[in-house]
file model-v8.txt (compact mmCIF, C-alpha atoms)
# COMPACT_ATOMS: atom_id res chain seq x y z
CA MET I 1 0.00 0.00 0.00
CA SER I 2 1.39 3.39 -0.98
CA VAL I 3 1.21 6.29 1.43
CA SER I 4 2.60 9.79 1.14
CA LEU I 5 2.32 11.49 4.50
CA GLY I 6 0.57 14.81 4.37
CA ILE I 7 -0.75 14.12 0.87
CA PRO I 8 -4.01 12.30 0.09
CA MET I 9 -3.40 8.68 -0.89
CA VAL I 10 -4.35 7.56 -4.39
CA ARG I 11 -4.99 3.95 -5.29
CA GLY I 12 -3.94 2.10 -8.46
CA GLU I 13 -1.37 3.25 -11.01
CA ASP I 14 -1.54 6.83 -9.70
CA ALA I 15 -0.65 5.79 -6.16
CA GLY I 16 1.84 8.14 -4.56
CA ARG I 17 1.50 10.77 -7.28
CA ARG I 18 0.31 14.27 -6.72
CA THR I 19 -1.61 16.52 -9.09
CA PRO I 20 1.06 18.76 -10.63
CA ALA I 21 0.91 22.42 -9.69
CA VAL I 22 0.05 25.02 -12.29
CA PRO I 23 3.19 26.24 -14.12
CA ARG I 24 4.77 29.19 -12.33
CA ARG I 25 5.11 32.51 -14.11
CA LYS I 26 8.62 32.97 -15.47
CA SER I 27 10.14 35.61 -13.24
CA ARG I 28 13.61 36.97 -12.65
CA ARG I 29 15.33 35.45 -9.63
CA ILE I 30 16.80 37.58 -6.87
CA MET I 31 18.38 36.73 -3.53
CA VAL I 32 17.01 38.26 -0.34
CA GLY I 33 19.90 37.34 1.88
CA SER I 34 19.97 33.53 1.83
CA VAL I 35 16.40 33.20 0.50
CA PRO I 36 15.88 32.96 -3.28
CA VAL I 37 12.83 34.80 -4.57
CA GLY I 38 11.49 34.32 -8.08
CA GLY I 39 12.50 31.96 -10.83
CA ASP I 40 11.82 28.39 -9.73
CA ALA I 41 12.31 29.14 -6.02
CA PRO I 42 9.51 28.09 -3.65
CA VAL I 43 7.03 30.80 -2.67
CA SER I 44 8.30 32.26 0.60
CA VAL I 45 6.36 33.59 3.59
CA GLN I 46 7.11 37.00 5.08
CA SER I 47 5.86 39.04 8.01
CA MET I 48 6.72 42.30 9.74
CA THR I 49 7.69 43.05 13.32
CA THR I 50 5.40 45.18 15.46
CA THR I 51 8.06 46.25 17.95
CA LEU I 52 9.92 49.53 17.95
CA THR I 53 12.89 48.69 15.78
CA ALA I 54 15.09 50.82 18.02
CA ASP I 55 14.35 48.31 20.81
CA VAL I 56 16.84 45.77 19.53
CA ASN I 57 16.17 43.05 22.10
CA ALA I 58 12.39 43.16 21.67
CA THR I 59 12.72 43.17 17.89
CA LEU I 60 15.11 40.23 17.87
CA GLN I 61 12.84 38.33 20.25
CA GLN I 62 9.89 38.80 17.93
CA ILE I 63 12.00 37.80 14.93
CA ALA I 64 12.92 34.60 16.79
CA GLU I 65 9.23 33.87 17.40
CA LEU I 66 8.43 34.50 13.74
CA THR I 67 11.27 32.25 12.64
CA ALA I 68 10.00 29.45 14.87
CA SER I 69 6.55 29.78 13.30
CA GLY I 70 7.95 29.34 9.78
CA CYS I 71 8.61 32.92 8.67
CA GLN I 72 11.40 33.06 6.08
CA ILE I 73 11.88 36.81 5.59
CA VAL I 74 11.08 39.59 8.07
CA ARG I 75 10.54 43.30 7.54
CA VAL I 76 11.25 45.97 10.15
CA ALA I 77 10.01 49.57 10.12
CA VAL I 78 12.56 52.38 9.96
CA PRO I 79 10.70 55.65 10.59
CA SER I 80 13.39 57.32 12.75
CA GLN I 81 17.12 57.78 13.15
CA ASP I 82 17.07 55.59 16.27
CA ASP I 83 15.56 52.78 14.21
CA ALA I 84 18.18 53.22 11.51
CA GLU I 85 20.95 53.02 14.07
CA ALA I 86 19.55 49.73 15.37
CA LEU I 87 19.64 48.05 11.96
CA PRO I 88 23.28 46.82 11.95
CA GLN I 89 22.79 44.81 15.14
CA ILE I 90 19.41 43.45 14.07
CA ALA I 91 20.60 42.49 10.59
CA ARG I 92 23.65 40.76 12.05
CA LYS I 93 21.83 38.78 14.73
CA SER I 94 18.58 37.90 12.96
CA PRO I 95 18.28 34.20 12.01
CA ILE I 96 16.37 35.14 8.83
CA PRO I 97 16.93 37.90 6.24
CA VAL I 98 15.84 41.38 7.34
CA ILE I 99 14.19 43.89 5.01
CA ALA I 100 14.20 47.55 6.01
CA ASP I 101 10.86 49.28 5.41
CA ILE I 102 11.47 52.88 4.35
CA HIS I 103 8.98 55.71 4.03
CA PHE I 104 9.33 59.49 3.71
CA GLN I 105 13.11 59.79 4.27
CA PRO I 106 15.46 58.55 1.51
CA LYS I 107 18.48 58.84 3.84
CA TYR I 108 17.27 55.73 5.67
CA VAL I 109 17.56 53.72 2.44
CA PHE I 110 21.31 54.30 2.46
CA ALA I 111 21.48 53.59 6.20
CA ALA I 112 19.74 50.24 5.67
CA ILE I 113 22.10 49.28 2.86
CA ASP I 114 25.13 50.22 4.95
CA ALA I 115 23.70 48.27 7.91
CA GLY I 116 23.74 45.00 5.99
CA CYS I 117 20.02 44.54 5.54
CA ALA I 118 19.13 41.79 3.06
CA ALA I 119 16.82 44.09 1.09
CA VAL I 120 15.13 47.47 1.26
CA ARG I 121 11.46 48.22 0.66
CA VAL I 122 10.74 51.70 -0.67
CA ASN I 123 7.37 53.34 -1.25
CA PRO I 124 7.80 55.79 -4.14
CA GLY I 125 4.47 57.45 -3.39
CA ASN I 126 5.56 58.95 -0.08
CA ILE I 127 9.34 59.43 -0.27
CA LYS I 128 10.05 63.08 -1.01
CA LYS I 129 11.78 63.61 -4.34
CA PHE I 130 12.28 59.85 -4.59
CA ASP I 131 12.79 59.92 -8.35
CA ASP I 132 15.70 62.32 -7.89
CA LYS I 133 17.42 59.81 -5.59
CA VAL I 134 17.00 56.68 -7.72
CA GLY I 135 20.46 56.94 -9.26
CA GLU I 136 22.19 57.14 -5.88
CA ILE I 137 20.05 54.36 -4.44
CA ALA I 138 20.71 52.12 -7.44
CA ARG I 139 24.48 52.58 -7.18
CA ALA I 140 24.54 51.95 -3.42
CA ALA I 141 22.31 48.86 -3.72
CA GLN I 142 24.25 47.50 -6.67
CA ASP I 143 27.58 47.88 -4.88
CA ALA I 144 26.23 46.12 -1.77
CA GLY I 145 24.29 43.42 -3.65
CA VAL I 146 21.05 44.49 -1.97
CA PRO I 147 17.74 44.09 -3.85
CA ILE I 148 15.05 46.76 -3.75
CA ARG I 149 11.33 46.13 -3.35
CA ILE I 150 9.25 48.79 -5.02
CA GLY I 151 6.18 48.70 -2.80
CA VAL I 152 3.24 50.59 -4.25
CA ASN I 153 0.24 50.99 -1.94
CA ALA I 154 -3.25 52.20 -2.78
CA GLY I 155 -3.26 54.41 0.31
CA SER I 156 -0.09 56.26 -0.60
CA LEU I 157 -0.18 56.41 -4.38
CA ASP I 158 1.70 59.22 -6.09
CA LYS I 159 -0.53 62.30 -6.40
CA ARG I 160 0.20 62.57 -10.12
CA LEU I 161 -1.34 59.16 -10.72
CA LEU I 162 -4.30 59.86 -8.45
CA GLU I 163 -5.02 62.94 -10.52
CA LYS I 164 -4.68 60.95 -13.76
CA TYR I 165 -6.88 57.98 -12.76
CA GLY I 166 -9.09 59.54 -10.10
CA ARG I 167 -8.43 56.74 -7.63
CA ALA I 168 -6.12 53.81 -6.98
CA THR I 169 -7.15 51.64 -9.92
CA PRO I 170 -5.21 48.54 -10.99
CA GLU I 171 -3.86 50.55 -13.91
CA ALA I 172 -2.65 53.32 -11.59
CA LEU I 173 -0.87 50.88 -9.28
CA VAL I 174 0.83 49.11 -12.18
CA GLU I 175 1.87 52.33 -13.88
CA SER I 176 3.44 53.57 -10.66
CA ALA I 177 5.45 50.37 -10.19
CA LEU I 178 6.64 50.13 -13.79
CA TRP I 179 7.59 53.81 -13.89
CA GLU I 180 9.82 53.43 -10.85
CA CYS I 181 11.31 50.25 -12.30
CA SER I 182 12.18 52.12 -15.47
CA LEU I 183 14.08 54.73 -13.45
CA PHE I 184 16.18 52.00 -11.84
CA GLU I 185 16.65 50.31 -15.20
CA GLU I 186 18.14 53.53 -16.59
CA HIS I 187 20.98 52.98 -14.14
CA GLY I 188 21.37 49.30 -15.01
CA PHE I 189 19.76 48.12 -11.79
CA ARG I 190 17.32 45.22 -12.09
CA ASP I 191 17.63 43.48 -8.73
CA ILE I 192 14.02 44.43 -8.06
CA LYS I 193 10.92 42.90 -6.50
CA ILE I 194 7.51 44.57 -6.86
CA SER I 195 4.29 44.76 -4.88
CA VAL I 196 1.08 46.59 -5.81
CA LYS I 197 -1.12 46.30 -2.75
CA HIS I 198 -4.75 47.30 -2.29
CA ASN I 199 -7.27 46.57 0.46
CA ASP I 200 -9.82 45.35 -2.10
CA PRO I 201 -8.90 41.81 -3.23
CA VAL I 202 -10.62 42.30 -6.61
CA VAL I 203 -8.55 45.40 -7.41
CA MET I 204 -5.41 43.77 -6.03
CA ILE I 205 -5.86 40.61 -8.14
CA GLU I 206 -6.32 42.59 -11.33
CA ALA I 207 -3.33 44.80 -10.58
CA TYR I 208 -1.05 41.80 -10.12
CA ARG I 209 -2.39 40.13 -13.25
CA GLN I 210 -1.59 43.21 -15.29
CA LEU I 211 1.81 43.55 -13.65
CA ALA I 212 2.66 39.89 -14.25
CA ALA I 213 1.90 40.32 -17.95
CA ALA I 214 3.97 43.50 -18.22
CA CYS I 215 7.29 42.49 -16.61
CA ASP I 216 9.40 39.58 -15.41
CA TYR I 217 10.26 40.92 -11.96
CA PRO I 218 9.42 38.70 -8.98
CA LEU I 219 6.19 39.73 -7.28
CA HIS I 220 5.48 40.10 -3.57
CA LEU I 221 1.77 39.49 -2.94
CA GLY I 222 -0.23 41.27 -0.30
CA VAL I 223 -3.68 42.61 0.48
CA THR I 224 -2.85 45.74 2.42
CA GLU I 225 -4.87 46.77 5.48
CA ALA I 226 -6.73 43.48 5.14
CA GLY I 227 -8.38 43.92 8.55
CA PRO I 228 -8.87 41.84 11.71
CA ALA I 229 -7.81 38.21 11.77
CA PHE I 230 -10.96 36.60 10.37
CA GLN I 231 -11.67 39.19 7.68
CA GLY I 232 -8.03 39.54 6.72
CA THR I 233 -7.58 35.80 6.45
CA ILE I 234 -10.52 35.51 4.08
CA LYS I 235 -9.38 38.43 1.93
CA SER I 236 -5.83 37.14 1.73
CA ALA I 237 -6.85 33.55 1.02
CA VAL I 238 -9.16 34.66 -1.80
CA ALA I 239 -6.59 36.98 -3.38
CA PHE I 240 -3.56 34.75 -2.97
CA GLY I 241 -5.47 31.68 -4.08
CA ALA I 242 -6.64 33.38 -7.27
CA LEU I 243 -3.14 34.55 -8.17
CA LEU I 244 -1.01 31.64 -6.99
CA SER I 245 -3.32 29.16 -8.70
CA GLN I 246 -2.41 30.98 -11.94
CA GLY I 247 1.30 30.80 -11.18
CA ILE I 248 1.53 34.47 -10.17
CA GLY I 249 3.44 35.35 -7.00
CA ASP I 250 6.89 34.63 -5.61
CA THR I 251 6.63 35.67 -1.96
CA ILE I 252 3.67 36.59 0.26
CA ARG I 253 2.78 38.57 3.36
CA VAL I 254 -0.62 38.20 5.00
CA SER I 255 -1.46 41.57 6.58
CA LEU I 256 -3.62 41.12 9.67
CA SER I 257 -4.60 43.29 12.60
CA ALA I 258 -3.23 40.48 14.75
CA PRO I 259 0.12 39.28 16.12
CA PRO I 260 2.58 38.71 13.25
CA VAL I 261 2.95 35.02 14.11
CA GLU I 262 -0.70 34.64 13.09
CA GLU I 263 0.16 36.16 9.70
CA VAL I 264 2.80 33.48 9.18
CA LYS I 265 0.43 30.68 10.19
CA VAL I 266 -2.21 31.88 7.72
CA GLY I 267 0.31 32.37 4.93
CA THR I 268 1.81 28.94 5.46
CA GLN I 269 -1.62 27.32 5.48
CA ILE I 270 -2.54 29.06 2.21
CA LEU I 271 0.58 27.69 0.54
CA GLU I 272 -0.04 24.21 1.91
CA SER I 273 -3.64 24.27 0.72
CA LEU I 274 -2.48 25.14 -2.80
CA GLY I 275 0.17 22.44 -2.81
CA LEU I 276 2.95 25.04 -2.90
CA ARG I 277 4.47 23.88 0.37
CA GLU I 278 4.61 20.38 1.79
CA ARG I 279 1.75 19.89 4.16
CA GLY I 280 2.26 19.75 7.89
CA LEU I 281 -0.53 18.53 10.15
CA GLU I 282 -3.90 18.64 8.37
CA ILE I 283 -7.16 17.78 10.10
CA VAL I 284 -9.99 16.56 7.87
CA SER I 285 -13.22 16.68 9.88
CA CYS I 286 -16.97 16.69 9.35
CA PRO I 287 -18.93 19.92 8.94
CA SER I 288 -22.10 20.56 10.90
CA CYS I 289 -24.38 17.68 10.01
CA GLY I 290 -27.41 15.96 11.48
CA ARG I 291 -25.97 12.55 10.58
CA ALA I 292 -23.11 12.80 13.09
CA GLN I 293 -23.45 10.23 15.85
CA VAL I 294 -20.60 11.53 18.02
CA ASP I 295 -19.42 14.97 19.14
CA VAL I 296 -17.24 15.67 16.08
CA TYR I 297 -16.57 19.29 17.05
CA THR I 298 -14.98 18.32 20.36
CA LEU I 299 -13.13 15.37 18.87
CA ALA I 300 -11.60 17.50 16.10
CA GLU I 301 -10.58 20.25 18.56
CA GLU I 302 -9.02 17.78 20.99
CA VAL I 303 -7.11 15.94 18.25
CA THR I 304 -5.85 19.26 16.88
CA ALA I 305 -4.73 20.34 20.35
CA GLY I 306 -3.13 16.97 21.08
CA LEU I 307 -1.12 17.05 17.84
CA LYS I 308 -0.24 20.75 17.98
CA ASP I 309 3.25 21.33 16.56
CA PHE I 310 3.43 17.67 15.53
CA PRO I 311 6.61 17.72 13.41
CA VAL I 312 5.57 15.13 10.83
CA PRO I 313 3.47 15.92 7.73
CA LEU I 314 0.26 14.10 8.57
CA ARG I 315 -3.34 14.09 7.34
CA VAL I 316 -5.76 13.03 10.08
CA ALA I 317 -9.46 12.43 9.37
CA VAL I 318 -11.92 12.85 12.24
CA MET I 319 -15.28 11.71 10.91
CA GLY I 320 -18.64 11.35 12.59
CA CYS I 321 -20.96 9.22 10.43
CA VAL I 322 -21.04 6.18 8.18
CA VAL I 323 -21.77 8.11 4.95
CA ASN I 324 -18.37 9.72 4.27
CA GLY I 325 -16.54 8.62 7.40
CA PRO I 326 -14.98 5.30 6.33
CA GLY I 327 -13.92 6.66 2.94
CA GLU I 328 -12.29 9.80 4.32
CA ALA I 329 -10.62 7.90 7.15
CA ARG I 330 -9.28 5.31 4.71
CA GLU I 331 -7.80 7.96 2.40
CA ALA I 332 -6.02 9.83 5.20
CA ASP I 333 -2.73 8.82 6.79
CA LEU I 334 -4.59 8.32 10.07
CA GLY I 335 -8.30 8.55 10.76
CA VAL I 336 -11.37 7.59 12.67
CA ALA I 337 -14.86 6.78 11.40
CA SER I 338 -17.19 7.25 14.35
CA GLY I 339 -20.71 6.14 15.15
CA ASN I 340 -22.86 4.73 17.96
CA GLY I 341 -20.40 5.79 20.63
CA LYS I 342 -17.33 4.12 19.16
CA GLY I 343 -14.78 4.69 16.43
CA GLN I 344 -12.93 2.58 13.87
CA ILE I 345 -9.28 3.67 13.75
CA PHE I 346 -7.65 3.61 10.31
CA VAL I 347 -3.89 3.69 9.72
CA LYS I 348 -2.60 3.79 6.15
CA GLY I 349 -5.99 2.77 4.82
CA GLU I 350 -6.59 -0.22 7.09
CA VAL I 351 -8.73 -0.61 10.20
CA VAL I 352 -6.36 -1.36 13.09
CA LYS I 353 -8.80 -1.27 16.00
CA THR I 354 -12.22 -0.16 17.24
CA VAL I 355 -12.35 1.88 20.44
CA PRO I 356 -15.02 3.57 22.59
CA GLU I 357 -15.68 7.24 21.85
CA ALA I 358 -13.90 8.25 25.07
CA GLN I 359 -10.67 6.66 23.80
CA ILE I 360 -10.67 8.01 20.24
CA VAL I 361 -8.46 11.05 20.87
CA GLU I 362 -5.79 9.27 22.89
CA THR I 363 -5.74 6.40 20.38
CA LEU I 364 -5.26 8.73 17.41
CA ILE I 365 -2.41 10.51 19.19
CA GLU I 366 -0.78 7.18 20.06
CA GLU I 367 -1.02 6.03 16.45
CA ALA I 368 0.42 9.33 15.22
CA MET I 369 3.41 8.83 17.49
CA ARG I 370 3.76 5.27 16.21
CA ILE I 371 3.80 6.51 12.62
CA ALA I 372 6.57 8.95 13.53
CA GLU I 373 8.57 6.17 15.18
CA GLU I 374 8.22 3.98 12.07
CA MET I 375 9.75 6.86 10.10
CA GLY I 376 12.67 6.91 12.51
CA ILE I 377 11.54 10.11 14.18
CA GLU I 378 11.52 10.39 17.95
CA ILE I 379 9.33 13.12 19.44
CA GLY I 380 10.27 14.52 22.82
CA GLU I 381 7.95 15.97 25.44
CA ASP I 382 8.62 19.45 24.00
CA GLY I 383 7.44 18.30 20.57
CA ALA I 384 10.95 18.44 19.08
CA ALA I 385 11.87 15.77 16.57
CA SER I 386 15.09 13.78 16.56
CA GLY I 387 16.43 10.57 15.12
CA PRO I 388 17.53 9.39 11.68
CA GLY I 389 14.24 10.30 10.02
CA ALA I 390 14.04 13.80 11.43
CA GLU I 391 15.53 15.39 8.32
CA VAL I 392 12.29 14.73 6.43
CA VAL I 393 10.37 17.00 8.76
CA VAL I 394 9.18 20.23 7.18
CA SER I 395 9.31 23.32 9.39

call {"tool": "encode", "arguments": {"input": "model-v8.txt", "output": "C-alpha cells"}}
result
Amino acid sequence: MSVSLGIPMVRGEDAGRRTPAVPRRKSRRIMVGSVPVGGDAPVSVQSMTTTLTADVNATLQQIAELTASGCQIVRVAVPSQDDAEALPQIARKSPIPVIADIHFQPKYVFAAIDAGCAAVRVNPGNIKKFDDKVGEIARAAQDAGVPIRIGVNAGSLDKRLLEKYGRATPEALVESALWECSLFEEHGFRDIKISVKHNDPVVMIEAYRQLAAACDYPLHLGVTEAGPAFQGTIKSAVAFGALLSQGIGDTIRVSLSAPPVEEVKVGTQILESLGLRERGLEIVSCPSCGRAQVDVYTLAEEVTAGLKDFPVPLRVAVMGCVVNGPGEAREADLGVASGNGKGQIFVKGEVVKTVPEAQIVETLIEEAMRIAEEMGIEIGEDGAASGPGAEVVVS
C-alpha cells in the first residue's frame, strides 16, 4: 500500500502521485539574503515586526518567534534615526533575512544598505523627491548586492497618478510600479521585486495580473490593510489563491490586525492548501451535520490540540458518520470513522482497532506517534523531533 504522509493517498497506477501544480510565471530570480525569490524558487512567507525597531532586544525576540513559526523573511520599520541606528545589530543577529521598510526619508535607504540589511522596501508614493534619488540608491544597492522592493500601496499612491486615474485603480498601481522600475533600469539596476497592494482583493488581483503580464520581476503578494484576523484571512486567502493558482506570486505577506505570528500561520496554510508547500498537520473533519453520531466538534478540537506542533506531515481524518466517514478515514494517513459511541481507527488505509468514543483522541495521538517512530523520528515531550528520520520534517 502506498502512502505519502501529508498528501491524500491515491490507489492504483496513480498511487503516490500528486496533481502537478500550475506552471509558475517565469520571473527573474533575486536573492534576499539567503532566500531565493522568483524563478523556480519556492514561494516564501514573510511578516513584519510590530516592535519599535530601536528596541533591539524586543525586535530580535519577535523575529525569533516568527522564525520558529515558519517565517522566512522579516521586515522591520525604519521611521526614525534611532531605528536606523539599530539596523546593523538586528541584521547581524537575525536568524532570517531582514528587510528595512522605508517611508518618507530617503536617507534611511542608504542607512539600511550600509547596515547590511538583506533588502530594502521603498514606497515611491511617499518618499520626497524619490525619483531624484534613484540613481544614488541604485548605485549603493548595486555595490552592496542588496535588492530593492518597489512597494506601491493604494493608500499612498503618487498624487500625479491619483489625478490621472481619479483613484487607486489597478492601472494606476501598475503604472506607478513600472515607472519606478524604469528609473532604476536607466541605471542598469534590475535586482528588483515589486508589490502593488490594495485593500480590495478584486482590485489587487487585477493589478497583479496586469503587472505579471507587463514584466518579469518577482512579485510580492499582499492585500494591504486586510483587517482583523478573520476578515483579513478571508481576503488574503481569496486573493492569494486566485493569483497563486495561476502561477503568479513569488513571496507573500498576510497583513492582519493580529500578532505577526498569526500572519505566518495563515500564509503557510494558504501555501499548503495550494500544494505550494509540503503539508504539515492537516485535520480533515466533518462539517455541521445531522448525521453525526458523536461529538465531532470536540473530537476535532481535541485531536488538533493533542497534535499541535506535531513535526511530521500528517493528514488526520476525524469523521462522525457512516456516509463519508470510512472513505475519508481510509484515504487519510490516520483517521477515525465514528458512530454509535465508538470509532474505527484507520492507519494507512486499514482498520487497526475499534475503540469507545472516550478513547478516540488518545488512540489517534498514540497512532500518530507510532507513525513517527516507524519513520525513525523520535518526538520529545517538548514536541521536538530527533532521530535518523528527522531530516524529512518540514518546518

call {"tool": "residues_around", "arguments": {"input": "model-v8.txt", "residues": "I:Asp55", "least_positions_apart": "2", "cutoff": "10 Å", "atoms": "only C-alpha atoms", "output": "list in words"}}
result
Thr51, Leu52, Thr53, Asn57, Ala58, Thr59, Leu60, Asp82, Asp83, Ala86 and Ile90 of chain I

call {"tool": "residues_around", "arguments": {"input": "model-v8.txt", "residues": "I:Thr304", "least_positions_apart": "3", "cutoff": "9 Å", "atoms": "all atoms listed in the file", "output": "MDAnalysis selection string"}}
result
chainID I and resid 281:283 299:301 307:308

call {"tool": "residues_around", "arguments": {"input": "model-v8.txt", "residues": "I:Ala358", "least_positions_apart": "6", "cutoff": "12 Å", "atoms": "all atoms listed in the file", "output": "compact mmCIF listing (two decimals) with C-alpha atoms, in the frame of the given file"}}
result
# COMPACT_ATOMS: atom_id res chain seq x y z
CA VAL I 294 -20.60 11.53 18.02
CA ASP I 295 -19.42 14.97 19.14
CA THR I 298 -14.98 18.32 20.36
CA LEU I 299 -13.13 15.37 18.87
CA GLU I 302 -9.02 17.78 20.99
CA SER I 338 -17.19 7.25 14.35
CA ASN I 340 -22.86 4.73 17.96
CA GLY I 341 -20.40 5.79 20.63
CA LYS I 342 -17.33 4.12 19.16
CA GLY I 343 -14.78 4.69 16.43
CA LEU I 364 -5.26 8.73 17.41

call {"tool": "closest_residue", "arguments": {"input": "model-v8.txt", "among": "I:Pro228, I:Gly320, I:Gly249, I:Pro259", "to": "I:Ser27", "atoms": "all atoms listed in the file"}}
result
I:Gly249

call {"tool": "residues_near_point", "arguments": {"input": "model-v8.txt", "point": "(-3.0, 35.3, -3.4)", "cutoff": "10 Å", "atoms": "only C-alpha atoms", "output": "VMD selection string"}}
result
chain I and resid 201 204 to 205 208 220 to 223 235 to 249 251 to 254 267 270 to 271

call {"tool": "write_last_selection", "arguments": {"input": "model-v8.txt", "atoms": "C-alpha atoms", "output": "PDB file, in the coordinates of the input"}}
result
ATOM      1  CA  PRO I 201      -8.900  41.810  -3.230  1.00  0.00           C
ATOM      2  CA  MET I 204      -5.410  43.770  -6.030  1.00  0.00           C
ATOM      3  CA  ILE I 205      -5.860  40.610  -8.140  1.00  0.00           C
ATOM      4  CA  TYR I 208      -1.050  41.800 -10.120  1.00  0.00           C
ATOM      5  CA  HIS I 220       5.480  40.100  -3.570  1.00  0.00           C
ATOM      6  CA  LEU I 221       1.770  39.490  -2.940  1.00  0.00           C
ATOM      7  CA  GLY I 222      -0.230  41.270  -0.300  1.00  0.00           C
ATOM      8  CA  VAL I 223      -3.680  42.610   0.480  1.00  0.00           C
ATOM      9  CA  LYS I 235      -9.380  38.430   1.930  1.00  0.00           C
ATOM     10  CA  SER I 236      -5.830  37.140   1.730  1.00  0.00           C
ATOM     11  CA  ALA I 237      -6.850  33.550   1.020  1.00  0.00           C
ATOM     12  CA  VAL I 238      -9.160  34.660  -1.800  1.00  0.00           C
ATOM     13  CA  ALA I 239      -6.590  36.980  -3.380  1.00  0.00           C
ATOM     14  CA  PHE I 240      -3.560  34.750  -2.970  1.00  0.00           C
ATOM     15  CA  GLY I 241      -5.470  31.680  -4.080  1.00  0.00           C
ATOM     16  CA  ALA I 242      -6.640  33.380  -7.270  1.00  0.00           C
ATOM     17  CA  LEU I 243      -3.140  34.550  -8.170  1.00  0.00           C
ATOM     18  CA  LEU I 244      -1.010  31.640  -6.990  1.00  0.00           C
ATOM     19  CA  SER I 245      -3.320  29.160  -8.700  1.00  0.00           C
ATOM     20  CA  GLN I 246      -2.410  30.980 -11.940  1.00  0.00           C
ATOM     21  CA  GLY I 247       1.300  30.800 -11.180  1.00  0.00           C
ATOM     22  CA  ILE I 248       1.530  34.470 -10.170  1.00  0.00           C
ATOM     23  CA  GLY I 249       3.440  35.350  -7.000  1.00  0.00           C
ATOM     24  CA  THR I 251       6.630  35.670  -1.960  1.00  0.00           C
ATOM     25  CA  ILE I 252       3.670  36.590   0.260  1.00  0.00           C
ATOM     26  CA  ARG I 253       2.780  38.570   3.360  1.00  0.00           C
ATOM     27  CA  VAL I 254      -0.620  38.200   5.000  1.00  0.00           C
ATOM     28  CA  GLY I 267       0.310  32.370   4.930  1.00  0.00           C
ATOM     29  CA  ILE I 270      -2.540  29.060   2.210  1.00  0.00           C
ATOM     30  CA  LEU I 271       0.580  27.690   0.540  1.00  0.00           C
TER      31      LEU I 271
END

call {"tool": "closest_atom_pairs", "arguments": {"input": "model-v8.txt", "of": "stretch 25-112 of chain I", "to": "stretch 120-127 of chain I", "cutoff": "8 Å", "atoms": "all atoms listed in the file", "output": "JSON lines"}}
result
{"residue": "I:Ile99", "atom": "CA", "partner": "I:Val120", "partner_atom": "CA", "distance": 5.3}
{"residue": "I:Ala100", "atom": "CA", "partner": "I:Val120", "partner_atom": "CA", "distance": 4.8}
{"residue": "I:Asp101", "atom": "CA", "partner": "I:Arg121", "partner_atom": "CA", "distance": 4.9}
{"residue": "I:Ile102", "atom": "CA", "partner": "I:Val122", "partner_atom": "CA", "distance": 5.2}
{"residue": "I:His103", "atom": "CA", "partner": "I:Ile127", "partner_atom": "CA", "distance": 5.7}
{"residue": "I:Phe104", "atom": "CA", "partner": "I:Ile127", "partner_atom": "CA", "distance": 4.0}
{"residue": "I:Gln105", "atom": "CA", "partner": "I:Ile127", "partner_atom": "CA", "distance": 5.9}
{"residue": "I:Pro106", "atom": "CA", "partner": "I:Ile127", "partner_atom": "CA", "distance": 6.4}
{"residue": "I:Val109", "atom": "CA", "partner": "I:Val120", "partner_atom": "CA", "distance": 6.8}
{"residue": "I:Ala112", "atom": "CA", "partner": "I:Val120", "partner_atom": "CA", "distance": 7.0}

call {"tool": "closest_residue", "arguments": {"input": "model-v8.txt", "among": "I:Phe310, I:Cys286, I:Ala141, I:Thr268", "to": "I:Pro326", "atoms": "all atoms listed in the file"}}
result
I:Cys286

call {"tool": "atom_distance", "arguments": {"input": "model-v8.txt", "atom1": "atom CA of I:Leu173", "atom2": "atom CA of I:Asp132"}}
result
20.2 Å

call {"tool": "residues_around", "arguments": {"input": "model-v8.txt", "residues": "I:Lys353", "least_positions_apart": "6", "cutoff": "10 Å", "atoms": "all atoms listed in the file", "output": "list in words"}}
result
Val336, Gly343, Gln344, Ile345, Phe346, Val347 and Thr363 of chain I

call {"tool": "atom_distance", "arguments": {"input": "model-v8.txt", "atom1": "atom CA of I:Glu180", "atom2": "atom CA of I:Tyr217"}}
result
12.6 Å

call {"tool": "closest_residue", "arguments": {"input": "model-v8.txt", "among": "I:Gly38, I:Gly166, I:Gly227, I:Gly349", "to": "I:Ala332", "atoms": "all atoms listed in the file"}}
result
I:Gly349

call {"tool": "atom_distance", "arguments": {"input": "model-v8.txt", "atom1": "atom CA of I:Ser80", "atom2": "atom CA of I:Ile137"}}
result
18.7 Å

call {"tool": "residues_around", "arguments": {"input": "model-v8.txt", "residues": "I:Ser69", "least_positions_apart": "3", "cutoff": "7 Å", "atoms": "all atoms listed in the file", "output": "PDB file with C-alpha atoms, keeping the file's coordinate frame"}}
result
ATOM      1  CA  GLU I  65       9.230  33.870  17.400  1.00  0.00           C
ATOM      2  CA  LEU I  66       8.430  34.500  13.740  1.00  0.00           C
ATOM      3  CA  VAL I 261       2.950  35.020  14.110  1.00  0.00           C
ATOM      4  CA  VAL I 264       2.800  33.480   9.180  1.00  0.00           C
ATOM      5  CA  LYS I 265       0.430  30.680  10.190  1.00  0.00           C
TER       6      LYS I 265
END

call {"tool": "closest_atom_pairs", "arguments": {"input": "model-v8.txt", "of": "stretch 187-226 of chain I", "to": "stretch 150-154 of chain I", "cutoff": "10 Å", "atoms": "all atoms listed in the file", "output": "tab-separated table"}}
result
residue	atom	partner	partner_atom	distance
I:Ile192	CA	I:Ile150	CA	7.1
I:Lys193	CA	I:Ile150	CA	6.3
I:Ile194	CA	I:Ile150	CA	4.9
I:Ser195	CA	I:Gly151	CA	4.8
I:Val196	CA	I:Val152	CA	4.8
I:Lys197	CA	I:Asn153	CA	4.9
I:His198	CA	I:Ala154	CA	5.1
I:Asn199	CA	I:Ala154	CA	7.6
I:Asp200	CA	I:Ala154	CA	9.5
I:Val203	CA	I:Ala154	CA	9.8
I:Met204	CA	I:Ala154	CA	9.3
I:Leu219	CA	I:Ile150	CA	9.8
I:His220	CA	I:Gly151	CA	8.7
I:Gly222	CA	I:Asn153	CA	9.9
I:Val223	CA	I:Asn153	CA	9.6
I:Thr224	CA	I:Asn153	CA	7.5
I:Glu225	CA	I:Asn153	CA	9.9

call {"tool": "closest_residue", "arguments": {"input": "model-v8.txt", "among": "I:Arg167, I:Val284, I:Pro311, I:Gly70", "to": "I:Leu334", "atoms": "all atoms listed in the file"}}
result
I:Val284

call {"tool": "closest_residue", "arguments": {"input": "model-v8.txt", "among": "I:Gln89, I:Val35, I:Leu314, I:Ala138", "to": "I:Val74", "atoms": "only C-alpha atoms"}}
result
I:Val35
